[in-house]
Amino acid sequence: WKTQFETEKQRLHSIIGKNSSIEHIGSTAIEGLCAKPVIDILIGIDHFSDPKTLITKISGLGYDYISEYEQQLPERRYFQKVRNGHHFIHIHLVERNSRFWQRHLFFRNQLSLYPELRNQYARLKQNLAQIKWKSRNDYASAKGEFIQKVEAKLDAFQWETERLIVKLPDTRYLDLYYRLLKDPDVMKYIGDGTNNPVTKNVAMTGIENLLKHF
């Protein structure tokens with residue numbers, strides 16, 4: 001499955017450019033998880049304002065573009081490749097770093113990192129496989145509660161990550177920093193107690209000294 005994904009990834013990059021991000025998601029992307037032989041591909045692009053050109057290009061690789069799901073998921077464009085009546089590859093085209101993008105990568109990564117979580121999902125899938133479903137969507141919906149519980153951890157994970165990351169001083173704000181240092185009212189509170197003039201060189205030196213600590 002990984003080999004099939006890498007092959008298709010190269011084909012997709014050749015038509016939509018290297019600036020896009022292409023990820024393997026779904027059960028076939030998770031080592032050790034039982035899965036139907038369907039490759040799910042997540043494509044992330046910077047802007048989603050006019051995807052018509054990409055739709056044409058992807059369709060040119062033998063994919064069927066299915067627009068009906070956009071009523072429920074307007075942020076996604078969905079494609080599928082079917083062989084002899086069997087689904088072979090699904091493509092989900094979204095904006096990079098959108099909620100859809102984040103949720104699906106987070107779910108894949110969580111199950112890849114935590115074997116017990118992966119095994120719980122495997123048992124659920126095996127139980128659901130014993131049921132005769134009217135449609136693929138009904139089967140997908142039955143997995144929804146488990147998936148949502150995992151994805152619910154995403155916000156907590158992002159908050160904790162942002163809390164732990166130290167943000168570096170940005171030299172792009174030198175002019176603003178310099179203006180603040182020249183403002184008498186500001187310097188009454190953050191100054192060094194002297195009336196010495198502050199030059200841009202002094203301001204830059206201050207920022208460079210701060211950066212040495214990171």
# chains A, B, ... in the order shown; residues from 1 in each chain; ligands from 1
call {"tool": "residues_around", "arguments": {"residues": "segment 40-44 of chain A", "least_positions_apart": "3", "cutoff": "10 Å", "atoms": "only C-alpha atoms", "output": "VMD selection string"}}
result
chain A and resid 5 8 to 9 12 to 13 16 19 to 29 37 47 to 48 76 to 80 88 to 98 100 to 101 104 to 105
call {"tool": "write_last_selection", "arguments": {"atoms": "C-alpha atoms", "output": "compact mmCIF listing (two decimals), in the first residue's frame"}}
result
# COMPACT_ATOMS: atom_id res chain seq x y z
CA PHE A 5 0.70 5.49 -2.52
CA GLU A 8 0.40 7.77 -7.14
CA LYS A 9 1.94 10.64 -5.19
CA LEU A 12 -0.14 13.72 -8.73
CA HIS A 13 2.87 15.93 -8.04
CA ILE A 16 -0.34 19.81 -9.57
CA ASN A 19 4.06 23.22 -3.74
CA SER A 20 1.15 21.00 -2.81
CA SER A 21 1.33 18.56 0.11
CA ILE A 22 0.26 14.96 -0.47
CA GLU A 23 -0.30 12.61 2.47
CA HIS A 24 -1.33 8.99 2.85
CA ILE A 25 -4.28 8.74 5.27
CA GLY A 26 -6.89 6.16 6.18
CA SER A 27 -6.38 2.62 7.39
CA THR A 28 -3.88 1.63 4.71
CA ALA A 29 -1.56 4.37 6.00
CA PRO A 37 -7.54 -2.30 -0.21
CA HIS A 47 -5.74 28.46 -1.47
CA PHE A 48 -9.08 26.87 -2.28
CA ARG A 76 -13.37 19.34 0.31
CA ARG A 77 -13.24 18.15 -3.29
CA TYR A 78 -13.56 14.37 -3.56
CA PHE A 79 -12.29 12.04 -6.28
CA GLN A 80 -12.33 8.28 -6.65
CA PHE A 88 -9.13 1.58 -5.54
CA ILE A 89 -8.08 5.14 -4.60
CA HIS A 90 -9.86 8.07 -2.94
CA ILE A 91 -8.55 11.64 -3.08
CA HIS A 92 -9.54 14.41 -0.66
CA LEU A 93 -8.50 17.85 -1.93
CA VAL A 94 -8.55 20.53 0.79
CA GLU A 95 -6.74 23.63 1.97
CA ARG A 96 -3.51 22.84 3.71
CA ASN A 97 -3.75 23.30 7.50
CA SER A 98 -7.54 23.48 7.34
CA PHE A 100 -10.14 18.77 7.68
CA TRP A 101 -6.41 18.51 6.98
CA HIS A 104 -7.17 13.43 9.36
CA LEU A 105 -3.43 13.70 9.91
call {"tool": "residues_around", "arguments": {"residues": "Leu54 of chain A", "least_positions_apart": "3", "cutoff": "10 Å", "atoms": "only C-alpha atoms", "output": "PDB file with C-alpha atoms, in the first residue's frame"}}
result
ATOM      1  CA  ILE A  15       0.385  17.605 -12.593  1.00  0.00           C
ATOM      2  CA  ILE A  16      -0.342  19.812  -9.571  1.00  0.00           C
ATOM      3  CA  ASP A  50     -10.672  28.303  -7.530  1.00  0.00           C
ATOM      4  CA  PRO A  51     -10.003  24.541  -7.622  1.00  0.00           C
ATOM      5  CA  LYS A  57      -5.985  17.881 -13.984  1.00  0.00           C
ATOM      6  CA  ILE A  58      -6.790  15.202 -11.410  1.00  0.00           C
ATOM      7  CA  SER A  59      -9.697  13.918 -13.477  1.00  0.00           C
ATOM      8  CA  GLY A  60      -7.226  13.594 -16.343  1.00  0.00           C
ATOM      9  CA  ARG A  77     -13.243  18.150  -3.295  1.00  0.00           C
ATOM     10  CA  LEU A  93      -8.496  17.851  -1.931  1.00  0.00           C
TER      11      LEU A  93
END
